[in-house]
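> My structure file my_file_39.cif, mmCIF, C-alpha atoms, is below:
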```cif
data_structure
loop_
_atom_site.label_atom_id
_atom_site.label_comp_id
_atom_site.auth_asym_id
_atom_site.auth_seq_id
_atom_site.Cartn_x
_atom_site.Cartn_y
_atom_site.Cartn_z
CA MET Y 1 76.85 123.29 103.16
CA HIS Y 2 80.26 124.18 104.52
CA THR Y 3 83.47 122.99 102.97
CA TRP Y 4 87.05 123.11 104.09
CA ALA Y 5 90.10 121.71 102.36
CA PHE Y 6 93.43 121.46 104.14
CA ASP Y 7 96.67 119.50 104.23
CA ALA Y 8 97.48 117.27 107.16
CA ILE Y 9 99.68 114.26 107.89
CA GLY Y 10 101.12 114.41 104.40
CA THR Y 11 97.87 114.30 102.48
CA ARG Y 12 95.01 116.45 101.24
CA TRP Y 13 91.79 116.57 103.23
CA ARG Y 14 88.37 117.85 102.33
CA VAL Y 15 85.47 118.17 104.71
CA ASP Y 16 81.85 118.82 103.70
CA ALA Y 17 79.49 119.46 106.58
CA ALA Y 18 76.04 120.87 107.15
CA ALA Y 19 77.13 122.89 110.17
CA ASP Y 20 79.92 125.37 110.57
CA ILE Y 21 83.31 123.67 110.80
CA ASP Y 22 85.37 124.62 113.81
CA ARG Y 23 88.65 124.80 111.95
CA ALA Y 24 90.72 125.66 115.00
CA ALA Y 25 89.41 122.61 116.83
CA VAL Y 26 90.06 120.34 113.86
CA SER Y 27 93.57 121.73 113.48
CA ALA Y 28 94.28 121.18 117.16
CA LEU Y 29 93.01 117.61 116.93
CA VAL Y 30 95.15 116.85 113.89
CA ASP Y 31 98.23 118.49 115.39
CA ASP Y 32 97.83 116.55 118.60
CA PHE Y 33 97.47 113.29 116.72
CA ASP Y 34 100.53 114.01 114.60
CA ARG Y 35 102.58 115.03 117.61
CA THR Y 36 101.74 111.75 119.28
CA TRP Y 37 102.10 109.28 116.42
CA SER Y 38 104.25 110.69 113.63
CA ARG Y 39 107.13 108.52 112.51
CA PHE Y 40 108.58 111.56 110.77
CA ARG Y 41 108.89 113.81 113.84
CA GLU Y 42 111.69 113.52 116.33
CA ASP Y 43 109.53 115.16 119.00
CA SER Y 44 106.62 112.73 118.68
CA GLN Y 45 105.66 110.36 121.46
CA ALA Y 46 106.13 107.50 119.02
CA ALA Y 47 109.75 108.58 118.61
CA ARG Y 48 110.32 107.74 122.26
CA LEU Y 49 109.79 104.11 121.49
CA ARG Y 50 112.80 104.41 119.23
CA SER Y 51 114.94 106.28 121.73
CA ASP Y 52 113.76 104.77 125.02
CA GLY Y 53 111.98 101.52 124.16
CA ARG Y 54 109.01 102.87 126.08
CA ALA Y 55 106.35 105.46 125.23
CA ASP Y 56 103.03 106.84 126.42
CA LEU Y 57 100.97 107.05 123.25
CA GLY Y 58 98.00 108.88 124.65
CA GLU Y 59 94.26 108.44 124.77
CA HIS Y 60 93.86 106.77 121.40
CA ALA Y 61 96.58 104.18 121.93
CA PRO Y 62 94.33 101.40 123.26
CA ALA Y 63 91.88 101.62 120.33
CA ILE Y 64 94.60 101.89 117.69
CA LEU Y 65 96.78 99.14 119.12
CA ASP Y 66 93.81 96.83 119.74
CA LEU Y 67 92.94 97.19 116.07
CA TYR Y 68 96.54 96.42 115.15
CA ASP Y 69 96.37 93.27 117.27
CA ARG Y 70 93.40 92.09 115.22
CA LEU Y 71 95.14 92.92 111.95
CA TYR Y 72 98.29 91.18 113.13
CA ALA Y 73 96.28 88.04 113.92
CA LEU Y 74 94.37 88.19 110.64
CA THR Y 75 97.56 88.44 108.59
CA GLU Y 76 99.65 86.15 110.79
CA GLY Y 77 102.08 88.93 111.57
CA ALA Y 78 102.36 90.62 108.17
CA VAL Y 79 100.64 93.82 109.39
CA SER Y 80 102.40 95.28 112.41
CA PRO Y 81 102.89 98.76 113.89
CA ALA Y 82 106.56 97.90 114.33
CA VAL Y 83 107.24 98.00 110.61
CA GLY Y 84 108.79 101.49 110.70
CA ALA Y 85 112.41 100.37 110.75
CA SER Y 86 111.78 98.12 107.76
CA LEU Y 87 110.26 101.06 105.89
CA GLU Y 88 113.22 103.26 106.74
CA ARG Y 89 115.62 100.57 105.63
CA LEU Y 90 114.00 100.51 102.21
CA GLY Y 91 114.14 104.29 101.93
CA TYR Y 92 110.66 105.41 103.00
CA ASP Y 93 112.00 107.73 105.67
CA ALA Y 94 111.43 111.24 106.93
CA ASP Y 95 113.68 112.70 104.26
CA TYR Y 96 112.17 110.58 101.51
CA THR Y 97 115.64 109.39 100.59
CA LEU Y 98 113.98 106.56 98.67
CA THR Y 99 117.21 104.65 98.63
CA ALA Y 100 117.44 101.28 100.27
CA SER Y 101 120.20 101.40 102.86
CA GLY Y 102 120.81 97.68 103.06
CA GLU Y 103 119.03 94.39 103.17
CA ALA Y 104 115.43 94.35 104.28
CA ILE Y 105 114.99 93.79 107.99
CA PRO Y 106 112.05 92.02 109.65
CA ALA Y 107 110.07 94.11 112.11
CA PHE Y 108 110.35 93.71 115.86
CA ARG Y 109 107.91 90.96 116.86
CA TRP Y 110 105.04 93.10 118.07
CA PRO Y 111 103.44 90.52 120.42
CA GLU Y 112 106.61 90.83 122.51
CA ALA Y 113 105.73 94.44 123.34
CA SER Y 114 103.97 94.92 126.66
CA ARG Y 115 101.11 97.34 127.03
CA ASP Y 116 99.69 99.01 130.08
CA GLY Y 117 96.87 101.36 129.16
CA SER Y 118 98.34 103.89 126.78
CA THR Y 119 101.95 102.97 127.56
CA VAL Y 120 103.91 100.60 125.38
CA GLU Y 121 107.23 99.04 126.33
CA THR Y 122 109.42 97.15 123.92
CA GLY Y 123 112.66 97.04 125.85
CA GLN Y 124 114.56 97.86 122.70
CA PRO Y 125 114.41 100.61 120.06
CA VAL Y 126 111.36 100.13 117.86
CA VAL Y 127 110.30 102.45 115.01
CA LEU Y 128 106.54 102.69 115.25
CA ASP Y 129 104.54 103.26 112.08
CA ILE Y 130 100.76 103.30 112.23
CA GLY Y 131 100.41 103.99 108.53
CA ALA Y 132 97.97 101.11 108.07
CA VAL Y 133 95.41 102.62 110.43
CA GLY Y 134 96.32 106.18 111.34
CA LYS Y 135 94.77 108.14 108.49
CA GLY Y 136 91.43 106.37 108.74
CA TYR Y 137 91.41 106.67 112.52
CA LEU Y 138 92.08 110.39 112.29
CA ALA Y 139 89.34 110.79 109.66
CA ASP Y 140 86.90 109.18 112.11
CA LEU Y 141 88.04 111.58 114.84
CA VAL Y 142 87.56 114.59 112.56
CA ALA Y 143 84.07 113.38 111.64
CA ASP Y 144 83.26 112.85 115.34
CA LEU Y 145 84.38 116.36 116.14
CA ILE Y 146 82.41 118.06 113.38
CA GLY Y 147 79.23 116.05 113.81
CA ALA Y 148 76.85 114.54 111.26
CA PRO Y 149 75.93 115.09 108.54
CA VAL Y 150 79.48 115.22 107.35
CA THR Y 151 81.75 113.71 104.72
CA VAL Y 152 85.47 113.64 105.48
CA ASP Y 153 87.70 112.80 102.53
CA ALA Y 154 91.35 112.21 103.34
CA SER Y 155 92.40 111.69 99.71
CA GLY Y 156 90.40 108.55 99.14
CA ASP Y 157 89.97 107.38 102.72
CA ILE Y 158 86.47 108.65 103.27
CA VAL Y 159 84.12 108.83 106.26
CA HIS Y 160 80.52 109.36 105.23
CA ARG Y 161 77.81 110.28 107.70
CA GLY Y 162 75.07 111.69 105.53
CA PRO Y 163 71.47 110.99 104.65
CA GLY Y 164 72.09 108.59 101.77
CA PRO Y 165 74.82 106.48 100.24
CA LEU Y 166 77.86 108.15 98.68
CA ARG Y 167 78.91 106.83 95.30
CA VAL Y 168 82.66 106.38 95.16
CA ALA Y 169 84.56 105.35 92.07
CA MET Y 170 87.18 102.64 92.56
CA GLU Y 171 90.19 104.09 90.82
CA HIS Y 172 91.90 101.84 88.32
CA PRO Y 173 95.39 101.22 89.71
CA ALA Y 174 97.01 101.96 86.35
CA ASP Y 175 94.81 104.74 85.02
CA PRO Y 176 93.41 107.54 87.19
CA SER Y 177 90.80 108.38 84.54
CA ARG Y 178 89.20 104.95 84.87
CA ALA Y 179 87.32 103.07 87.52
CA VAL Y 180 87.02 99.33 88.01
CA GLY Y 181 83.79 99.60 89.97
CA ILE Y 182 81.61 101.78 92.13
CA ILE Y 183 81.25 101.57 95.89
CA GLU Y 184 77.92 102.65 97.33
CA LEU Y 185 79.21 103.83 100.68
CA PRO Y 186 76.39 103.49 103.22
CA PRO Y 187 75.80 106.29 105.71
CA GLY Y 188 77.81 105.73 108.85
CA HIS Y 189 80.59 103.92 107.04
CA GLY Y 190 84.10 104.54 105.87
CA VAL Y 191 85.98 103.41 102.80
CA ALA Y 192 89.72 103.10 102.33
CA ALA Y 193 91.91 102.03 99.48
CA SER Y 194 95.53 101.17 99.04
CA ALA Y 195 97.60 100.67 95.94
CA THR Y 196 101.26 99.96 95.47
CA ASN Y 197 101.75 101.81 92.21
CA ARG Y 198 102.06 105.40 93.34
CA ARG Y 199 103.79 105.28 96.68
CA ALA Y 200 106.53 103.33 94.96
CA TRP Y 201 110.06 104.40 94.38
CA GLY Y 202 112.02 101.64 92.77
CA GLU Y 203 111.84 98.23 91.26
CA ASP Y 204 109.27 96.43 93.38
CA LEU Y 205 109.74 98.87 96.26
CA HIS Y 206 106.59 100.33 97.75
CA HIS Y 207 105.06 101.20 101.09
CA VAL Y 208 103.18 97.99 101.90
CA LEU Y 209 105.70 95.77 103.64
CA ASP Y 210 105.37 92.32 105.12
CA ALA Y 211 106.52 92.91 108.68
CA ARG Y 212 107.72 89.32 108.93
CA THR Y 213 110.39 89.90 106.29
CA GLY Y 214 110.57 93.67 105.91
CA ARG Y 215 110.04 93.26 102.20
CA PRO Y 216 107.22 94.51 99.96
CA GLU Y 217 106.01 91.03 99.20
CA SER Y 218 102.46 90.59 98.05
CA GLY Y 219 100.69 89.39 94.97
CA ILE Y 220 98.18 92.21 95.37
CA VAL Y 221 98.45 95.62 93.68
CA ALA Y 222 95.28 97.41 94.86
CA THR Y 223 92.73 97.01 97.64
CA TRP Y 224 89.50 98.57 98.88
CA ALA Y 225 87.62 98.05 102.14
CA VAL Y 226 84.31 99.36 103.45
CA ALA Y 227 83.65 99.18 107.18
CA PRO Y 228 81.66 100.89 109.93
CA SER Y 229 84.71 103.00 110.72
CA ALA Y 230 87.36 104.45 108.46
CA ALA Y 231 90.01 103.17 110.89
CA LEU Y 232 88.92 99.59 110.30
CA ALA Y 233 88.54 100.18 106.57
CA ASP Y 234 92.04 101.66 106.45
CA GLY Y 235 93.53 98.75 108.38
CA LEU Y 236 91.77 96.16 106.26
CA ALA Y 237 92.87 97.87 103.06
CA THR Y 238 96.42 97.05 104.15
CA ALA Y 239 95.58 93.61 105.56
CA LEU Y 240 94.08 92.66 102.19
CA PHE Y 241 97.58 92.56 100.75
CA PHE Y 242 98.13 89.52 102.94
CA ALA Y 243 94.70 88.01 103.63
CA ALA Y 244 92.09 86.93 101.08
CA PRO Y 245 88.85 88.92 100.84
CA GLU Y 246 86.78 85.91 101.86
CA ARG Y 247 88.89 85.45 104.97
CA VAL Y 248 88.63 89.14 105.87
CA VAL Y 249 84.85 89.13 105.58
CA GLU Y 250 84.66 85.99 107.69
CA GLU Y 251 86.78 87.55 110.41
CA PHE Y 252 85.09 90.97 110.27
CA PRO Y 253 81.38 90.44 109.54
CA GLY Y 254 79.72 93.40 107.89
CA VAL Y 255 82.74 94.71 106.03
CA GLY Y 256 83.19 94.64 102.26
CA CYS Y 257 86.37 94.42 100.30
CA ALA Y 258 87.98 93.98 96.91
CA VAL Y 259 91.47 93.29 95.62
CA ILE Y 260 93.27 93.33 92.31
CA ASP Y 261 96.22 90.98 92.01
CA ARG Y 262 99.28 91.05 89.79
CA SER Y 263 97.52 89.03 87.12
CA GLN Y 264 94.84 91.77 87.05
CA ARG Y 265 92.11 89.62 88.44
CA ILE Y 266 89.72 91.52 90.63
CA ARG Y 267 88.04 89.75 93.51
CA ALA Y 268 85.44 91.14 95.89
CA ALA Y 269 83.56 89.99 98.94
CA GLY Y 270 80.65 91.76 100.55
CA LEU Y 271 81.38 95.01 98.77
CA PRO Y 272 78.43 97.40 98.53
CA GLY Y 273 78.35 98.53 94.94
CA GLU Y 274 79.33 97.19 91.60
CA ILE Y 275 82.45 95.70 90.07
CA PHE Y 276 82.49 96.21 86.32
CA ARG Y 277 82.48 92.99 84.28
CA MET P 1 103.26 110.33 80.45
CA ARG P 2 99.93 111.84 79.67
CA ARG P 3 96.71 110.02 79.44
CA THR P 4 93.53 111.64 78.39
CA ALA P 5 89.92 110.83 79.00
CA ARG P 6 87.61 112.71 76.74
CA THR P 7 84.03 111.75 77.35
CA ALA P 8 80.92 113.04 78.91
CA VAL P 9 78.38 113.28 81.68
CA LEU P 10 79.40 113.42 85.27
CA THR P 11 76.40 114.61 87.19
CA ALA P 12 77.83 116.97 89.72
CA ALA P 13 74.55 117.79 91.36
CA ALA P 14 74.41 114.53 93.28
CA SER P 15 77.58 115.25 95.14
CA ALA P 16 77.62 116.66 98.62
CA ALA P 17 81.18 117.62 97.88
CA LEU P 18 80.04 119.89 95.13
CA PHE P 19 77.56 121.88 97.17
CA THR P 20 80.18 124.10 98.52
CA ALA P 21 80.85 127.45 99.94
CA ALA P 22 83.81 129.00 98.26
CA CYS P 23 87.20 128.27 99.67
CA GLY P 24 90.67 129.03 98.38
CA SER P 25 90.41 128.15 94.73
CA GLU P 26 93.01 127.73 92.09
CA ALA P 27 90.48 126.85 89.45
CA GLU P 28 90.55 128.99 86.40
CA ARG P 29 87.66 129.68 84.15
CA VAL P 30 88.61 129.81 80.52
CA GLU P 31 86.77 131.07 77.47
CA PRO P 32 83.20 131.00 78.65
CA THR P 33 81.25 129.71 75.68
CA THR P 34 77.71 130.03 76.87
CA ALA P 35 75.77 132.56 78.86
CA PRO P 36 74.24 131.50 82.17
CA SER P 37 71.05 129.74 81.19
CA SER P 38 69.20 130.34 84.40
CA PRO P 39 70.18 133.75 85.74
CA ALA P 40 67.26 133.79 88.14
CA ASP P 41 68.74 130.84 89.96
CA SER P 42 72.26 132.06 90.12
CA ALA P 43 71.64 134.47 92.94
CA ASP P 44 71.23 131.89 95.66
CA GLY P 45 73.95 129.47 94.63
CA ALA P 46 74.13 126.69 97.16
CA GLU P 47 70.42 126.08 97.45
CA SER P 48 69.51 126.17 93.81
CA GLY P 49 72.49 124.11 92.74
CA SER P 50 73.24 126.44 89.84
CA PHE P 51 76.68 127.02 88.43
CA THR P 52 78.22 129.50 86.08
CA PRO P 53 78.45 127.47 82.89
CA GLY P 54 81.62 127.44 80.86
CA ASP P 55 84.96 125.77 80.39
CA TYR P 56 87.13 125.32 83.44
CA GLU P 57 90.51 123.92 84.22
CA ALA P 58 92.26 123.15 87.46
CA THR P 59 95.27 121.31 88.68
CA GLY P 60 95.02 119.09 91.71
CA SER P 61 98.22 118.13 93.42
CA TYR P 62 99.19 115.12 95.43
CA GLN P 63 102.31 114.08 97.23
CA THR P 64 104.42 111.08 96.44
CA PRO P 65 107.69 109.92 97.89
CA GLY P 66 109.23 111.21 94.67
CA GLY P 67 107.78 114.69 95.08
CA THR P 68 104.60 116.54 94.26
CA GLN P 69 102.68 115.28 91.25
CA SER P 70 99.60 116.72 89.68
CA VAL P 71 96.44 115.88 87.82
CA ASP P 72 95.08 118.39 85.30
CA VAL P 73 91.33 118.47 84.88
CA ASP P 74 89.60 120.40 82.09
CA LEU P 75 85.86 120.35 81.90
CA THR P 76 82.78 122.04 80.53
CA LEU P 77 80.16 122.75 83.13
CA GLU P 78 76.45 123.35 82.55
CA ALA P 79 74.40 125.61 84.81
CA ASP P 80 72.79 122.63 86.52
CA GLY P 81 76.15 121.17 87.46
CA THR P 82 76.35 118.60 84.70
CA ILE P 83 79.82 118.14 83.32
CA THR P 84 79.49 117.66 79.60
CA ASP P 85 83.10 117.37 78.54
CA LEU P 86 86.09 116.44 80.60
CA ASP P 87 89.78 115.77 80.19
CA VAL P 88 91.94 114.26 82.87
CA ASP P 89 95.67 114.32 82.44
CA GLY P 90 97.89 112.60 84.94
CA ASN P 91 101.18 114.45 84.98
CA ALA P 92 103.85 112.21 86.29
CA GLU P 93 106.96 114.00 85.21
CA GLY P 94 110.18 112.20 85.70
CA GLY P 95 111.01 110.12 88.69
CA ASN P 96 109.38 106.94 89.74
CA SER P 97 105.77 107.83 89.18
CA GLU P 98 106.22 107.99 85.45
CA GLN P 99 108.21 104.81 85.47
CA PHE P 100 105.56 103.02 87.46
CA GLN P 101 102.61 104.33 85.57
CA GLY P 102 104.14 102.93 82.45
CA LYS P 103 105.00 99.68 84.09
CA PHE P 104 101.54 99.12 85.39
CA GLU P 105 99.77 100.11 82.25
CA SER P 106 101.03 97.11 80.38
CA GLY P 107 98.59 94.28 80.64
CA ILE P 108 96.48 95.62 83.44
CA ASP P 109 93.36 95.76 81.32
CA ALA P 110 93.49 92.04 80.65
CA GLU P 111 91.01 91.05 83.27
CA VAL P 112 89.79 94.03 85.24
CA VAL P 113 87.29 96.11 83.33
CA GLY P 114 87.82 99.85 83.54
CA LYS P 115 85.17 102.41 82.77
CA LYS P 116 85.81 106.11 82.34
CA ILE P 117 85.20 107.83 85.64
CA THR P 118 83.68 110.67 83.68
CA GLU P 119 80.92 108.36 82.48
CA LEU P 120 79.97 107.46 86.01
CA ASP P 121 77.70 109.33 88.36
CA VAL P 122 80.04 109.44 91.32
CA SER P 123 80.92 111.93 94.01
CA LYS P 124 84.35 110.73 95.01
CA VAL P 125 87.22 108.59 93.88
CA SER P 126 89.08 106.15 96.08
CA GLY P 127 92.14 104.28 95.00
CA SER P 128 95.76 105.13 95.13
CA SER P 129 95.30 107.78 97.78
CA LEU P 130 97.69 110.08 95.98
CA THR P 131 95.89 110.24 92.69
CA SER P 132 92.43 110.29 94.20
CA GLY P 133 93.39 113.30 96.24
CA GLY P 134 94.48 115.10 93.11
CA PHE P 135 91.30 114.28 91.21
CA ASN P 136 88.95 115.17 94.03
CA ASP P 137 90.91 118.34 94.68
CA ALA P 138 90.77 119.50 91.07
CA ILE P 139 87.06 118.80 90.69
CA ALA P 140 86.38 120.58 93.96
CA GLN P 141 88.34 123.64 92.90
CA ILE P 142 86.38 123.90 89.71
CA THR P 143 82.98 123.50 91.28
CA ASP P 144 83.86 125.91 94.07
CA ASP P 145 84.86 128.43 91.47
CA ALA P 146 81.79 127.82 89.35
CA ARG P 147 79.31 128.51 92.11
CA ALA P 148 77.51 131.54 90.84
#
```
For the file at hand, write its structure as structure tokens.

Amino acid sequence: MHTWAFDAIGTRWRVDAAADIDRAAVSALVDDFDRTWSRFREDSQAARLRSDGRADLGEHAPAILDLYDRLYALTEGAVSPAVGASLERLGYDADYTLTASGEAIPAFRWPEASRDGSTVETGQPVVLDIGAVGKGYLADLVADLIGAPVTVDASGDIVHRGPGPLRVAMEHPADPSRAVGIIELPPGHGVAASATNRRAWGEDLHHVLDARTGRPESGIVATWAVAPSAALADGLATALFFAAPERVVEEFPGVGCAVIDRSQRIRAAGLPGEIFR
Amino acid sequence: MRRTARTAVLTAAASAALFTAACGSEAERVEPTTAPSSPADSADGAESGSFTPGDYEATGSYQTPGGTQSVDVDLTLEADGTITDLDVDGNAEGGNSEQFQGKFESGIDAEVVGKKITELDVSKVSGSSLTSGGFNDAIAQITDDARA
């Protein structure tokens, strides 16, 4: 068993694989992804959408933006890759100023963007942020590159391609020493989670914004999703702040999910594993 | 804010993440209290699944918008990888993390049922990505370090 832990795109990664891990290749993959998509880099391709209203987002753009289209439809516009300016306005910017610089602003209406292959045109400055999907998508890419059997753990967004299920504790949103359930992650699946408590920086300010208003408005405080890819799991973990678990499972057959709302009720649909009762 | 879990039995042997070759480790072994119980096994670490028993501590870090936070993990490890005693301290010092941990602690146990992670046979934790990274990181450091 070979293991490698590293930091990338602002989080800790850990890879366990049966075969040797080509670290240089993984690093190149991650760097390339970051250089294309990072909201925090002025030299990224995504930054061109801000400066030019037009950008070529590379080979993964169709898959990532197609997924965003489905999430946008599922949440009636709450989940959008154009939410970057709203995040910056509330202080979640490259410098982590964490100070709201004015009233919340709704995101650019993403359906108005035109796409041609990997090129996106908005006709006006748009701050792209693929935070709802990017980490999971990159975890899938890393797992693809290394080859099965492999487990890629991007700090809780996990791709598992091993011989048997991986038991994953569902962290209690208020107490990291406790779990509210256990996910039995099937081989060939990914799990992702999102919670508003830690990436929060002020009264009711956190990183999950409703693109329609630019405000962190949701009655949900923590989510989990299991799906055949970590990209989908990651995206659904965000969508679950705006769409009920039953609706998500109906729209995406074969996925599982759970949410905890502000009143501390936990609800699950199709989740492999156990919710403690 | 510090919160402590002091309970038992996380079976490390089931975890792919714990069958590791050594990598950069910040785990620190403290006051070994027992001798290795199966010295014959300790020579071929990864295949036998044997660990150097003893008390270990490690700090896993994670990034938040308010800066780097950490989770301290102290545990007692048996030679077969069973964790028999474990403390987890979330160190949110100052800033918003502390404020929000406190805020969310009130009333959250009303309807969800939380069990100690240390009482569960799990390989990974998924939740707030920040904290989970810290926990998984700290456990991994310890088990890397404990590979005989």
> Taking the file as shown, what set of residues would the PyMOL selection byres ((chain Y) within 8 of (chain P)) give back, as a ChimeraX atom specification?
/Y:1-5,10-13,16,92,96,98,151,154-157,166-182,191-202,222-224,260,263-266,276-277
> So which residues get picked by the PyMOL selection byres ((chain Y and resi 52-58) around 7) here, written as a list in words?
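Applied to this file, the PyMOL selection byres ((chain Y and resi 52-58) around 7) returns Thr36, Gln45, Ala46, Arg48, Leu49, Arg50, Ser51, Glu59, His60, Ala61, Ser118, Thr119, Val120, Glu121, Thr122, Gly123, Gln124, Pro125 and Val126 of chain Y.
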> Would you list the contacts of Y:Glu76 as a ChimeraX atom specification, taking every protein, DNA or RNA residue within 12 Å and counting all atoms listed in the file, but skipping same-chain residues closer than 6 positions in sequence?
/Y:68-70,109-111,210-212,239,242-243
> Let's have the selection written as a short mmCIF file (atom, residue, chain, number, x, y, z; two decimals), keeping the file's coordinate frame, with C-alpha atoms.

```
data_model
loop_
_atom_site.label_atom_id
_atom_site.label_comp_id
_atom_site.auth_asym_id
_atom_site.auth_seq_id
_atom_site.Cartn_x
_atom_site.Cartn_y
_atom_site.Cartn_z
CA TYR Y 68 96.54 96.42 115.15
CA ASP Y 69 96.37 93.27 117.27
CA ARG Y 70 93.40 92.09 115.22
CA ARG Y 109 107.91 90.96 116.86
CA TRP Y 110 105.04 93.10 118.07
CA PRO Y 111 103.44 90.52 120.42
CA ASP Y 210 105.37 92.32 105.12
CA ALA Y 211 106.52 92.91 108.68
CA ARG Y 212 107.72 89.32 108.93
CA ALA Y 239 95.58 93.61 105.56
CA PHE Y 242 98.13 89.52 102.94
CA ALA Y 243 94.70 88.01 103.63
#
```
> Select, from Y:Glu251, Y:Asp129, Y:Glu88, Y:Glu217, the residue with the minimum atom-to-atom distance to Y:Asp34, counting all atoms listed in the file.
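So, comparing all the options, the nearest one is Y:Asp129.
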> One decimal, Å: what's the distance from atom CA of Y:Val142 over to atom CA of Y:Val26, could you say?
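Here the two named atoms are 6.4 Å from each other.
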> How many Å separate atom CA of Y:Val152 from atom CA of Y:Ala139?
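Answer for the atom CA of Y:Val152 to atom CA of Y:Ala139 separation: 6.4 Å.
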> Go ahead and compute the interatomic distance for atom CA of Y:Gly190 and atom CA of Y:Val226, in Å to one decimal.
5.7 Å
> Which residue out of Y:Gly188, Y:Arg215, Y:Pro81, Y:Gly134 has the minimum interatomic distance to Y:Ile9 when only C-alpha atoms are used?
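Smallest separation from Y:Ile9 among the options: Y:Gly134.
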> Given the point (102.7, 113.5, 117.2) in the file's coordinates, find the residues that have an atom at most 7 Å from it, counting all atoms listed in the file, and give them as a list of chain:residue names.
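Residues satisfying the cut-off, written out: Y:Asp31, Y:Asp32, Y:Phe33, Y:Asp34, Y:Arg35, Y:Thr36, Y:Trp37, Y:Ser38, Y:Ser44, Y:Gln45.
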